[in-house]
$ cat start.tsv   # TSV, C-alpha atoms
chain	number	residue	atom	x	y	z
A	942	MET	CA	0.00	0.00	0.00
A	943	GLU	CA	2.79	2.43	0.91
A	944	ASN	CA	4.43	1.44	-2.32
A	945	LEU	CA	1.23	2.30	-4.21
A	946	ALA	CA	1.07	5.68	-2.47
A	947	ARG	CA	4.58	6.42	-3.69
A	948	LEU	CA	3.69	5.37	-7.23
A	949	VAL	CA	0.64	7.67	-7.10
A	950	GLN	CA	2.79	10.60	-5.96
A	951	ASP	CA	5.41	9.97	-8.65
A	952	ALA	CA	2.80	9.69	-11.39
A	953	ALA	CA	1.08	12.90	-10.27
A	954	ARG	CA	4.36	14.79	-9.97
A	955	LYS	CA	5.43	13.71	-13.47
A	956	LEU	CA	2.11	14.78	-15.01
A	957	LEU	CA	2.27	18.21	-13.38
A	958	GLU	CA	5.94	18.76	-14.19
A	959	GLU	CA	5.41	17.86	-17.83
A	960	LYS	CA	2.36	20.15	-17.85
A	961	LYS	CA	0.21	17.36	-19.23
A	962	VAL	CA	-2.46	18.36	-16.73
A	963	ASP	CA	-3.32	21.47	-14.70
A	964	LEU	CA	-4.79	19.59	-11.78
A	965	VAL	CA	-4.51	16.14	-10.21
A	966	ILE	CA	-7.37	14.86	-8.08
A	967	GLY	CA	-6.51	12.17	-5.58
A	968	PHE	CA	-6.58	11.55	-1.85
A	969	GLU	CA	-4.64	12.90	1.11
A	970	LYS	CA	-4.39	11.64	4.64
A	971	GLY	CA	-7.38	12.60	6.78
A	972	SER	CA	-7.15	13.91	10.32
A	973	LEU	CA	-8.29	10.61	11.87
A	974	PRO	CA	-7.00	7.07	11.38
A	975	LEU	CA	-8.65	5.19	8.50
A	976	ARG	CA	-9.73	8.45	6.95
A	977	SER	CA	-8.64	9.88	3.63
A	978	THR	CA	-10.04	12.94	2.02
A	979	PRO	CA	-10.15	14.08	-1.61
A	980	CYS	CA	-7.19	16.27	-2.47
A	981	PHE	CA	-6.64	18.69	-5.36
A	982	VAL	CA	-3.02	19.18	-6.39
A	983	ARG	CA	-2.02	21.96	-8.79
A	984	LYS	CA	1.73	22.22	-8.16
A	985	ALA	CA	4.27	19.45	-8.73
A	986	GLU	CA	5.88	20.12	-5.34
A	987	ASP	CA	2.57	19.37	-3.60
A	988	ALA	CA	2.30	15.89	-5.12
A	989	GLY	CA	3.84	14.47	-1.91
A	990	LYS	CA	0.56	15.16	-0.13
A	991	LEU	CA	-1.15	12.42	-2.11
A	992	THR	CA	-1.68	9.03	-0.59
A	993	TRP	CA	-3.25	5.66	-1.35
A	994	ASN	CA	-4.69	3.22	1.16
A	995	SER	CA	-7.88	1.33	2.02
A	996	SER	CA	-9.80	4.40	3.13
A	997	CYS	CA	-9.79	6.24	-0.21
A	998	GLU	CA	-13.48	5.55	-0.53
A	999	ASN	CA	-15.02	8.63	-2.20
A	1000	ASN	CA	-15.90	8.38	-5.86
A	1001	LEU	CA	-13.68	10.98	-7.53
A	1002	ALA	CA	-15.69	10.88	-10.77
A	1003	ASN	CA	-17.93	13.35	-8.95
A	1004	TYR	CA	-15.35	16.13	-9.33
A	1005	LEU	CA	-14.75	15.71	-13.06
A	1006	ARG	CA	-17.96	16.93	-14.62
A	1007	LYS	CA	-17.89	20.10	-16.72
A	1008	LYS	CA	-14.21	20.70	-16.05
A	1009	THR	CA	-12.61	22.82	-18.78
A	1010	GLU	CA	-8.99	22.46	-17.65
A	1011	LYS	CA	-6.87	19.37	-18.13
A	1012	VAL	CA	-7.36	17.06	-15.19
A	1013	GLY	CA	-5.54	13.97	-14.00
A	1014	VAL	CA	-7.47	11.69	-11.69
A	1015	ILE	CA	-6.45	8.79	-9.48
A	1016	ALA	CA	-9.16	6.26	-10.23
A	1017	LYS	CA	-9.92	2.92	-8.63
A	1018	GLY	CA	-12.23	0.40	-10.31
A	1019	CYS	CA	-15.56	2.00	-9.44
A	1020	ASP	CA	-14.32	5.54	-10.18
A	1021	ALA	CA	-13.23	4.40	-13.64
A	1022	ARG	CA	-16.64	2.83	-14.35
A	1023	SER	CA	-18.39	6.02	-13.25
A	1024	ILE	CA	-16.06	8.04	-15.47
A	1025	VAL	CA	-16.93	5.85	-18.45
A	1026	ALA	CA	-20.65	6.21	-17.72
A	1027	LEU	CA	-20.28	10.00	-17.45
A	1028	ILE	CA	-18.27	10.21	-20.68
A	1029	LYS	CA	-21.16	8.46	-22.45
A	1030	GLU	CA	-23.54	11.05	-21.03
A	1031	ASN	CA	-21.33	13.89	-22.35
A	1032	GLN	CA	-20.53	15.06	-18.83
A	1033	ILE	CA	-16.79	14.47	-19.10
A	1034	ASN	CA	-14.55	15.29	-22.05
A	1035	LEU	CA	-12.13	12.39	-22.40
A	1036	ASP	CA	-9.64	14.58	-24.31
A	1037	ASN	CA	-9.09	16.71	-21.20
A	1038	LEU	CA	-8.75	13.76	-18.87
A	1039	TYR	CA	-5.78	11.67	-17.84
A	1040	ILE	CA	-6.71	8.62	-15.79
A	1041	ILE	CA	-4.16	7.14	-13.42
A	1042	GLY	CA	-5.72	3.76	-12.70
A	1043	VAL	CA	-5.11	2.03	-9.39
A	1044	PRO	CA	-6.28	-1.59	-8.93
A	1045	CYS	CA	-8.36	-1.74	-5.78
A	1046	GLY	CA	-8.86	-4.64	-3.40
A	1047	GLY	CA	-11.72	-2.92	-1.59
A	1048	MET	CA	-12.16	-0.11	0.88
A	1049	ILE	CA	-12.66	-0.47	4.62
A	1050	ASP	CA	-16.03	0.17	6.22
A	1051	ARG	CA	-15.40	2.24	9.36
A	1052	LYS	CA	-18.81	1.30	10.76
A	1053	LYS	CA	-17.70	-2.33	10.86
A	1054	ILE	CA	-14.46	-1.28	12.57
A	1055	GLU	CA	-16.45	0.69	15.14
A	1056	THR	CA	-18.52	-2.39	15.91
A	1057	ILE	CA	-15.35	-4.43	16.43
A	1058	LEU	CA	-13.77	-1.78	18.64
A	1059	ASN	CA	-16.93	-1.52	20.70
A	1060	GLY	CA	-16.34	1.97	22.07
A	1061	ARG	CA	-12.54	1.87	22.21
A	1062	GLU	CA	-10.81	4.69	20.40
A	1063	LEU	CA	-8.75	3.94	17.32
A	1064	LEU	CA	-5.47	5.86	17.28
A	1065	ALA	CA	-3.57	4.21	14.44
A	1066	SER	CA	-3.95	1.47	11.88
A	1067	GLU	CA	-1.65	-0.51	9.65
A	1068	GLU	CA	-2.23	-2.77	6.68
A	1069	LYS	CA	-0.26	-5.93	6.06
A	1070	ASP	CA	-0.88	-8.83	3.67
A	1071	GLY	CA	-4.66	-8.80	3.81
A	1072	TRP	CA	-4.77	-7.99	7.54
A	1073	LEU	CA	-5.59	-4.73	9.19
A	1074	ILE	CA	-3.97	-3.99	12.55
A	1075	LEU	CA	-5.98	-1.64	14.75
A	1076	LYS	CA	-4.04	0.14	17.48
A	1077	GLY	CA	-5.27	2.21	20.36
A	1078	ASN	CA	-4.51	3.04	23.95
A	1079	GLY	CA	-3.44	-0.29	25.47
A	1080	PHE	CA	-4.72	-2.57	22.75
A	1081	GLU	CA	-3.73	-3.94	19.39
A	1082	GLN	CA	-6.05	-6.09	17.36
A	1083	ALA	CA	-5.72	-7.69	13.93
A	1084	VAL	CA	-8.75	-8.17	11.67
A	1085	ARG	CA	-8.98	-9.73	8.23
A	1086	LYS	CA	-9.43	-6.97	5.66
A	1087	GLU	CA	-12.00	-8.98	3.71
A	1088	ASP	CA	-14.25	-9.11	6.80
A	1089	VAL	CA	-14.41	-5.32	7.15
A	1090	LEU	CA	-14.91	-4.24	3.54
A	1091	HIS	CA	-17.81	-2.07	2.40
A	1092	GLY	CA	-20.75	-4.07	1.04
A	1093	SER	CA	-20.14	-2.68	-2.43
A	1094	CYS	CA	-16.47	-3.70	-2.27
A	1095	ALA	CA	-17.29	-7.23	-1.17
A	1096	THR	CA	-19.42	-7.77	-4.30
A	1097	CYS	CA	-17.26	-5.64	-6.64
A	1098	ARG	CA	-16.14	-7.31	-9.88
A	1099	THR	CA	-14.19	-4.40	-11.30
A	1100	GLY	CA	-11.37	-3.69	-8.86
A	1101	ASN	CA	-9.16	-3.16	-11.91
A	1102	PRO	CA	-10.07	0.10	-13.68
A	1103	VAL	CA	-11.88	-0.52	-16.99
A	1104	LEU	CA	-10.29	2.56	-18.57
A	1105	SER	CA	-6.96	4.19	-17.76
A	1106	ASP	CA	-4.08	6.00	-19.41
A	1107	GLU	CA	-1.64	4.33	-17.07
A	1108	LEU	CA	-2.09	1.61	-14.51
A	1109	LEU	CA	-0.11	1.59	-11.26
A	1110	GLY	CA	0.72	-1.47	-9.21
A	1111	GLU	CA	-0.44	-5.01	-9.78
A	1112	LYS	CA	-3.88	-6.06	-10.94
A	1113	VAL	CA	-6.19	-7.59	-8.36
A	1114	PRO	CA	-7.88	-10.95	-9.03
A	1115	GLU	CA	-11.22	-10.81	-10.84
A	1116	LYS	CA	-14.31	-11.74	-8.84
A	1117	GLU	CA	-17.88	-12.70	-9.75
A	1118	ASP	CA	-21.08	-11.12	-8.45
A	1119	ASP	CA	-24.13	-13.39	-8.37
A	1120	TYR	CA	-26.60	-10.85	-6.89
A	1121	SER	CA	-27.62	-13.51	-4.37
A	1122	ASP	CA	-28.58	-10.76	-1.90
A	1123	VAL	CA	-31.15	-9.38	-4.35
A	1124	ALA	CA	-32.55	-12.85	-5.01
A	1125	ALA	CA	-32.83	-13.53	-1.29
A	1126	PHE	CA	-34.70	-10.26	-0.76
A	1127	GLU	CA	-37.04	-10.96	-3.66
A	1128	ALA	CA	-37.94	-14.29	-2.10
A	1129	LYS	CA	-39.62	-12.46	0.79
A	1130	THR	CA	-43.34	-11.62	0.62
A	1131	VAL	CA	-44.62	-8.22	-0.53
A	1132	ALA	CA	-45.63	-7.36	3.04
A	1133	GLU	CA	-42.21	-8.32	4.43
A	1134	ARG	CA	-40.45	-6.21	1.85
A	1135	ALA	CA	-42.73	-3.24	2.52
A	1136	ALA	CA	-42.11	-3.60	6.26
A	1137	TYR	CA	-38.35	-3.76	5.74
A	1138	PHE	CA	-38.29	-0.58	3.69
A	1139	ALA	CA	-40.68	1.22	6.04
A	1140	GLU	CA	-38.29	0.47	8.90
A	1141	GLN	CA	-35.19	1.48	6.91
A	1142	MET	CA	-36.71	4.66	5.51
A	1143	SER	CA	-38.02	5.80	8.89
A	1144	LYS	CA	-34.33	6.50	9.68
A	1145	CYS	CA	-33.89	8.83	6.67
A	1146	ILE	CA	-33.33	12.48	7.63
A	1147	ARG	CA	-33.48	13.65	3.99
A	1148	CYS	CA	-30.01	15.18	4.15
A	1149	TYR	CA	-29.50	14.14	0.51
A	1150	ALA	CA	-25.91	13.09	1.21
A	1151	CYS	CA	-26.58	10.00	-0.94
A	1152	ARG	CA	-27.61	12.20	-3.83
A	1153	ASN	CA	-24.63	14.51	-3.46
A	1154	ALA	CA	-22.12	11.67	-3.17
A	1155	CYS	CA	-23.52	9.96	-6.26
A	1156	PRO	CA	-21.57	10.67	-9.46
A	1157	MET	CA	-24.66	9.98	-11.57
A	1158	CYS	CA	-26.94	12.37	-9.63
A	1159	TYR	CA	-26.10	15.61	-11.36
A	1160	CYS	CA	-29.47	17.11	-12.33
A	1161	GLU	CA	-29.42	20.88	-11.90
A	1162	GLU	CA	-32.75	20.65	-10.16
A	1163	CYS	CA	-33.62	17.43	-8.41
A	1164	PHE	CA	-37.25	16.30	-8.43
A	1165	VAL	CA	-37.31	16.45	-4.62
A	1166	ASP	CA	-36.35	20.15	-4.63
A	1167	CYS	CA	-39.04	21.05	-7.12
A	1168	THR	CA	-41.92	23.07	-5.68
A	1169	ALA	CA	-44.13	23.50	-8.73
A	1170	PRO	CA	-45.25	20.82	-8.91
A	1171	GLN	CA	-44.18	19.47	-5.57
A	1172	TRP	CA	-43.75	15.78	-6.34
A	1173	ILE	CA	-43.25	14.61	-2.76
A	1174	GLY	CA	-43.37	15.94	0.79
A	1175	LYS	CA	-40.13	17.54	1.90
A	1176	SER	CA	-40.02	16.68	5.58
A	1177	ALA	CA	-38.43	13.48	6.78
A	1178	SER	CA	-41.40	12.57	8.96
A	1179	SER	CA	-43.04	10.18	6.52
A	1180	SER	CA	-41.23	6.97	5.70
A	1181	GLY	CA	-43.51	6.71	2.64
A	1182	ASP	CA	-42.17	9.98	1.26
A	1183	ASN	CA	-38.62	8.94	2.13
A	1184	LEU	CA	-39.07	5.68	0.28
A	1185	ILE	CA	-40.52	7.46	-2.74
A	1186	PHE	CA	-37.43	9.68	-2.80
A	1187	GLN	CA	-35.05	6.73	-2.57
A	1188	ALA	CA	-36.98	4.62	-5.08
A	1189	MET	CA	-37.19	7.47	-7.61
A	1190	ARG	CA	-33.49	8.17	-7.20
A	1191	ALA	CA	-32.76	4.51	-7.83
A	1192	PHE	CA	-35.05	4.59	-10.85
A	1193	HIS	CA	-33.36	7.69	-12.26
A	1194	THR	CA	-30.01	5.93	-12.04
A	1195	ALA	CA	-31.28	2.65	-13.51
A	1196	GLY	CA	-28.92	1.37	-16.20
A	1197	ARG	CA	-26.45	4.13	-15.21
A	1198	CYS	CA	-25.53	3.18	-11.65
A	1199	VAL	CA	-22.20	1.34	-11.44
A	1200	ASP	CA	-22.83	0.18	-7.87
A	1201	CYS	CA	-19.86	2.10	-6.45
A	1202	GLY	CA	-21.63	2.25	-3.09
A	1203	SER	CA	-21.03	5.99	-2.54
A	1204	CYS	CA	-24.65	6.52	-1.48
A	1205	ASP	CA	-24.36	3.79	1.13
A	1206	ARG	CA	-21.11	5.21	2.53
A	1207	ALA	CA	-22.41	8.77	2.58
A	1208	CYS	CA	-25.54	7.86	4.55
A	1209	PRO	CA	-25.12	9.06	8.15
A	1210	MET	CA	-28.09	6.98	9.29
A	1211	GLY	CA	-26.89	3.62	7.96
A	1212	ILE	CA	-29.82	3.05	5.61
A	1213	ASP	CA	-29.58	0.15	3.17
A	1214	VAL	CA	-29.67	2.48	0.12
A	1215	ARG	CA	-27.77	0.20	-2.21
A	1216	ASN	CA	-30.42	-2.47	-2.00
A	1217	LEU	CA	-32.64	-0.56	-4.47
A	1218	ASN	CA	-29.81	0.24	-6.89
A	1219	ARG	CA	-28.60	-3.33	-6.93
A	1220	LYS	CA	-32.05	-4.62	-7.72
A	1221	LEU	CA	-32.20	-2.37	-10.78
A	1222	ALA	CA	-28.62	-3.15	-11.84
A	1223	ARG	CA	-29.46	-6.86	-11.66
A	1224	ASP	CA	-32.68	-6.37	-13.66
A	1225	VAL	CA	-30.98	-4.30	-16.37
A	1226	LYS	CA	-28.31	-6.96	-16.67
A	1227	GLU	CA	-30.86	-9.77	-16.85
A	1228	ILE	CA	-33.37	-8.09	-19.15
A	1229	PHE	CA	-31.12	-6.11	-21.49
A	1230	GLY	CA	-27.77	-7.84	-20.92
A	1231	ALA	CA	-26.17	-4.48	-20.17
A	1232	GLU	CA	-23.97	-3.16	-17.38
A	1233	ALA	CA	-23.22	0.51	-16.86
A	1234	GLY	CA	-19.75	1.91	-17.44
A	1235	MET	CA	-17.98	-1.28	-18.48
A	1236	ASN	CA	-16.64	0.07	-21.78
A	1237	LEU	CA	-16.88	3.10	-24.05
A	1238	GLU	CA	-18.59	1.25	-26.92
A	1239	ASP	CA	-21.89	-0.05	-25.47
A	1240	LYS	CA	-24.72	2.43	-25.47
A	1241	PRO	CA	-26.35	3.05	-22.07
A	1242	ALA	CA	-29.05	0.39	-21.68
A	1243	LEU	CA	-32.00	2.76	-21.46
A	1244	ASN	CA	-30.83	4.94	-24.37
A	1245	GLU	CA	-31.21	2.14	-26.84
A	1246	PHE	CA	-34.22	0.44	-28.33
A	1247	LYS	CA	-34.34	-2.93	-30.03
A	1248	PHE	CA	-37.44	-4.50	-31.54
A	1249	ASP	CA	-36.84	-7.70	-29.63
A	1250	ASP	CA	-36.39	-6.04	-26.22
A	1251	PRO	CA	-38.36	-8.11	-23.71
A	1252	GLN	CA	-41.51	-6.42	-22.45
A	1253	THR	CA	-42.13	-8.35	-19.30
A	1254	PHE	CA	-43.79	-5.36	-17.68
A	1255	LEU	CA	-46.83	-5.39	-19.95
A	1256	VAL	CA	-50.11	-6.45	-18.41
A	1257	LYS	CA	-50.72	-10.19	-18.60
A	1258	GLU	CA	-53.96	-11.20	-20.31
B	1180	MET	CA	-40.12	0.33	-13.03
B	1181	LYS	CA	-42.78	-2.25	-12.41
B	1182	ASN	CA	-40.14	-4.58	-10.99
B	1183	LEU	CA	-38.89	-1.91	-8.60
B	1184	ILE	CA	-42.36	-0.97	-7.44
B	1185	ASN	CA	-43.07	-4.56	-6.64
B	1186	TYR	CA	-39.67	-4.92	-4.96
B	1187	ILE	CA	-40.31	-2.07	-2.53
B	1188	GLY	CA	-43.55	-3.65	-1.44
B	1189	ILE	CA	-46.45	-2.74	-3.71
B	1190	GLU	CA	-48.63	-5.58	-4.99
B	1191	GLU	CA	-47.88	-6.61	-8.54
B	1192	ASP	CA	-51.39	-5.99	-9.98
B	1193	ARG	CA	-51.56	-2.41	-8.76
B	1194	VAL	CA	-49.40	-0.94	-11.50
B	1195	ASN	CA	-49.97	-2.00	-15.07
B	1196	PHE	CA	-48.64	-1.14	-18.51
B	1197	ALA	CA	-50.16	-1.92	-21.91
B	1198	TRP	CA	-49.83	-0.74	-25.49
B	1199	ILE	CA	-53.18	0.48	-26.81
B	1200	SER	CA	-53.61	2.51	-29.97
B	1201	ALA	CA	-55.78	5.64	-29.97
B	1202	SER	CA	-58.21	3.85	-32.28
B	1203	GLU	CA	-58.71	0.90	-29.91
B	1204	GLY	CA	-61.37	2.45	-27.69
B	1205	GLY	CA	-63.15	-0.81	-27.03
B	1206	ARG	CA	-59.97	-2.59	-25.97
B	1207	PHE	CA	-59.05	0.32	-23.68
B	1208	ALA	CA	-62.40	0.19	-21.89
B	1209	GLU	CA	-62.16	-3.57	-21.53
B	1210	LEU	CA	-58.69	-3.41	-20.01
B	1211	VAL	CA	-59.57	-0.59	-17.62
B	1212	ASN	CA	-62.60	-2.52	-16.36
B	1213	GLU	CA	-60.47	-5.57	-15.85
B	1214	LEU	CA	-57.81	-3.66	-13.93
B	1215	THR	CA	-60.37	-1.83	-11.81
B	1216	GLU	CA	-61.66	-5.22	-10.72
B	1217	LYS	CA	-58.15	-6.37	-9.83
B	1218	VAL	CA	-57.39	-3.26	-7.79
B	1219	LYS	CA	-60.74	-3.38	-6.00
B	1220	LYS	CA	-59.90	-6.90	-4.92
B	1221	LEU	CA	-56.56	-5.70	-3.52
B	1222	GLY	CA	-58.22	-2.92	-1.50
B	1223	PRO	CA	-56.54	0.35	-0.56
B	1224	ASN	CA	-52.75	0.62	-0.69
B	1225	LYS	CA	-51.48	0.63	2.88
B	1226	ASN	CA	-47.83	-0.14	2.29
B	1227	ILE	CA	-46.45	3.06	0.86
B	1228	VAL	CA	-48.36	6.29	1.16
B	1229	ASN	CA	-47.30	9.70	-0.05
B	1230	LYS	CA	-48.01	12.10	2.81
B	1231	HIS	CA	-50.15	14.48	0.73
B	1232	CYS	CA	-52.43	11.63	-0.14
B	1233	GLU	CA	-53.08	10.39	3.39
B	1234	VAL	CA	-56.71	10.51	4.42
$ encode --input "start.tsv" --output "structure tokens"
Amino acid sequence: MENLARLVQDAARKLLEEKKVDLVIGFEKGSLPLRSTPCFVRKAEDAGKLTWNSSCENNLANYLRKKTEKVGVIAKGCDARSIVALIKENQINLDNLYIIGVPCGGMIDRKKIETILNGRELLASEEKDGWLILKGNGFEQAVRKEDVLHGSCATCRTGNPVLSDELLGEKVPEKEDDYSDVAAFEAKTVAERAAYFAEQMSKCIRCYACRNACPMCYCEECFVDCTAPQWIGKSASSSGDNLIFQAMRAFHTAGRCVDCGSCDRACPMGIDVRNLNRKLARDVKEIFGAEAGMNLEDKPALNEFKFDDPQTFLVKE
Amino acid sequence: MKNLINYIGIEEDRVNFAWISASEGGRFAELVNELTEKVKKLGPNKNIVNKHCEV
């Protein structure tokens, strides 16, 4: 990991020195252990601030839209897929972009770490061969990294960036995603599913962090902010309204969502937001055989029409 | 969309899609009657309610 951080710094420094880009977007060390924060580097001498570790969880594709200057970006697998999806939607100009791809073995979910620590304060952490060593006042504990990954990282198939101008480090092994969690949820009855979402959505405070963290949510005016007409209630007091917001957001990102999990990570209330997006990603894959952001050639699933598209939604007679 | 609506806990028959041409008045009426019957059988939607629409 430290080696990767050095490679990231060198690559960024070289790009800035050669004036290939005006700006490099990456991560720098946060103020707390297991925290990294997005970092914007404009001068070659500042490239040393950049880092790379298992807490670089934000999706940097979010910062690339409508940029007119030349930008270099440090992209892990999900960032690269989001970038591809945004290029297809004419939100990013590929000519102005330099992608430094970093293969990613998954990012660490701090909520899982908090559960393990059970109130003890984390003061430092270290990563070694698939293990994470948590250190604090008077304790040291090792946990397997694969046990504390974000949900989206555990099911991620594209740790290796799908598009990059240069790739740093070694590729990570490919994985498969069988969407077994979606199938298991579908097996429940309608009433059970409704009850589950009612319980989850009652926690929503409508802070819209999920929407802001999402690289695909870039509408200038979101349907929830609209007042004429006012599509849904704006207070967080109704779990029905909250669910309508989440379901419509999932629907608006159908066939576009790359399942990067940013919404899930951004949620301060721990709502199972990804559940809805995964259901749609699975359906789009099954019905149209398409996956968002996998390559530059395929058209986005819902932008294309074929005469033999299945129409399973039509009323059965 | 229909899949998602069902997934979040609304009965399958409540939302329906069909292709009907503007000239197929008879078929439209037939289908609407049929669907009205289906929805009446289901009763009011209790699972997900938009706050404006609460009574």
$ residues_around --input "start.tsv" --residues "Gly1188 (chain B)" --least-positions-apart "5" --cutoff "7 Å" --atoms "all atoms listed in the file" --output "list in words"
Val1131, Ala1132, Arg1134 and Ala1135 of chain A; Asn1226 of chain B
$ atom_distance --input "start.tsv" --atom1 "CA of Ser1023 (chain A)" --atom2 "CA of Cys1201 (chain A)"
8.0 Å
$ interface_residues --input "start.tsv" --of "chain A" --to "chain B" --cutoff "8 Å" --atoms "all atoms listed in the file" --output "VMD selection string"
chain A and resid 1127 1131 to 1136 1138 to 1139 1173 to 1174 1179 1181 to 1182 1184 to 1185 1188 1192 1217 1220 to 1221 1254 to 1256
$ atom_distance --input "start.tsv" --atom1 "CA of Val1043 (chain A)" --atom2 "CA of Asn1218 (chain A)"
24.9 Å
$ atom_distance --input "start.tsv" --atom1 "CA of Gln1141 (chain A)" --atom2 "CA of Gly1222 (chain B)"
24.9 Å
$ residues_around --input "start.tsv" --residues "region 1090-1107 of chain A" --least-positions-apart "3" --cutoff "6 Å" --atoms "only C-alpha atoms" --output "ChimeraX atom specification"
/A:1017-1018,1021,1040-1042,1044-1045,1047-1050,1087,1116-1118,1202
$ write_last_selection --input "start.tsv" --atoms "C-alpha atoms" --output "JSON list (two decimals), in the coordinates of the input"
[["chain", "number", "residue", "atom", "x", "y", "z"],
["A", 1017, "LYS", "CA", -9.92, 2.92, -8.63],
["A", 1018, "GLY", "CA", -12.23, 0.40, -10.31],
["A", 1021, "ALA", "CA", -13.23, 4.40, -13.64],
["A", 1040, "ILE", "CA", -6.71, 8.62, -15.79],
["A", 1041, "ILE", "CA", -4.16, 7.14, -13.42],
["A", 1042, "GLY", "CA", -5.72, 3.76, -12.70],
["A", 1044, "PRO", "CA", -6.28, -1.59, -8.93],
["A", 1045, "CYS", "CA", -8.36, -1.74, -5.78],
["A", 1047, "GLY", "CA", -11.72, -2.92, -1.59],
["A", 1048, "MET", "CA", -12.16, -0.11, 0.88],
["A", 1049, "ILE", "CA", -12.66, -0.47, 4.62],
["A", 1050, "ASP", "CA", -16.03, 0.17, 6.22],
["A", 1087, "GLU", "CA", -12.00, -8.98, 3.71],
["A", 1116, "LYS", "CA", -14.31, -11.74, -8.84],
["A", 1117, "GLU", "CA", -17.88, -12.70, -9.75],
["A", 1118, "ASP", "CA", -21.08, -11.12, -8.45],
["A", 1202, "GLY", "CA", -21.63, 2.25, -3.09]]
$ residues_around --input "start.tsv" --residues "region 1194-1200 of chain A" --least-positions-apart "2" --cutoff "10 Å" --atoms "only C-alpha atoms" --output "VMD selection string"
(chain A and resid 1019 to 1027 1029 to 1030 1093 to 1094 1096 to 1097 1099 1155 to 1158 1188 to 1192 1202 to 1205 1215 to 1226 1229 1231 to 1235 1241 to 1244) or (chain B and resid 1180)
$ residues_near_point --input "start.tsv" --point "(-4.1, 8.1, 16.7)" --cutoff "9 Å" --atoms "only C-alpha atoms" --output "list of chain:residue names"
A:Leu973, A:Pro974, A:Glu1062, A:Leu1063, A:Leu1064, A:Ala1065, A:Ser1066, A:Lys1076, A:Gly1077, A:Asn1078
$ residues_around --input "start.tsv" --residues "region 1011-1015 of chain A" --least-positions-apart "2" --cutoff "8 Å" --atoms "only C-alpha atoms" --output "PyMOL selection string"
chain A and resi 949+953+956+961-967+1001+1005+1008-1009+1017+1037-1043
$ closest_residue --input "start.tsv" --among "A:Gly989, A:Pro1251, A:Gly1110, A:Gly1046" --to "Lys1086 (chain A)" --atoms "only C-alpha atoms"
A:Gly1046
$ closest_residue --input "start.tsv" --among "A:Cys997, A:Ala1125, A:Leu1075, A:Ala1177" --to "Pro979 (chain A)" --atoms "all atoms listed in the file"
A:Cys997
$ decode --input "start.tsv" --residues "region 1204-1215 of chain B" --atoms "N, CA and C atoms" --output "CSV table (one decimal), in the first residue's frame"
chain,number,residue,atom,x,y,z
B,1204,GLY,N,-60.6,2.0,-28.8
B,1204,GLY,CA,-61.4,2.5,-27.7
B,1204,GLY,C,-62.0,1.3,-26.9
B,1205,GLY,N,-62.5,0.3,-27.7
B,1205,GLY,CA,-63.1,-0.8,-27.0
B,1205,GLY,C,-62.2,-1.6,-26.2
B,1206,ARG,N,-61.0,-1.8,-26.7
B,1206,ARG,CA,-60.0,-2.6,-26.0
B,1206,ARG,C,-59.5,-1.8,-24.7
B,1207,PHE,N,-59.4,-0.5,-24.8
B,1207,PHE,CA,-59.0,0.3,-23.7
B,1207,PHE,C,-60.1,0.2,-22.5
B,1208,ALA,N,-61.4,0.3,-22.9
B,1208,ALA,CA,-62.4,0.2,-21.9
B,1208,ALA,C,-62.4,-1.2,-21.2
B,1209,GLU,N,-62.2,-2.2,-22.0
B,1209,GLU,CA,-62.2,-3.6,-21.5
B,1209,GLU,C,-61.0,-3.8,-20.5
B,1210,LEU,N,-59.9,-3.2,-20.9
B,1210,LEU,CA,-58.7,-3.4,-20.0
B,1210,LEU,C,-58.9,-2.6,-18.7
B,1211,VAL,N,-59.4,-1.4,-18.8
B,1211,VAL,CA,-59.6,-0.6,-17.6
B,1211,VAL,C,-60.6,-1.3,-16.7
B,1212,ASN,N,-61.6,-1.8,-17.2
B,1212,ASN,CA,-62.6,-2.5,-16.4
B,1212,ASN,C,-61.9,-3.7,-15.6
B,1213,GLU,N,-61.2,-4.4,-16.4
B,1213,GLU,CA,-60.5,-5.6,-15.8
B,1213,GLU,C,-59.5,-5.2,-14.7
B,1214,LEU,N,-58.8,-4.1,-14.9
B,1214,LEU,CA,-57.8,-3.7,-13.9
B,1214,LEU,C,-58.5,-3.1,-12.7
B,1215,THR,N,-59.6,-2.4,-12.9
B,1215,THR,CA,-60.4,-1.8,-11.8
B,1215,THR,C,-60.8,-3.0,-10.9
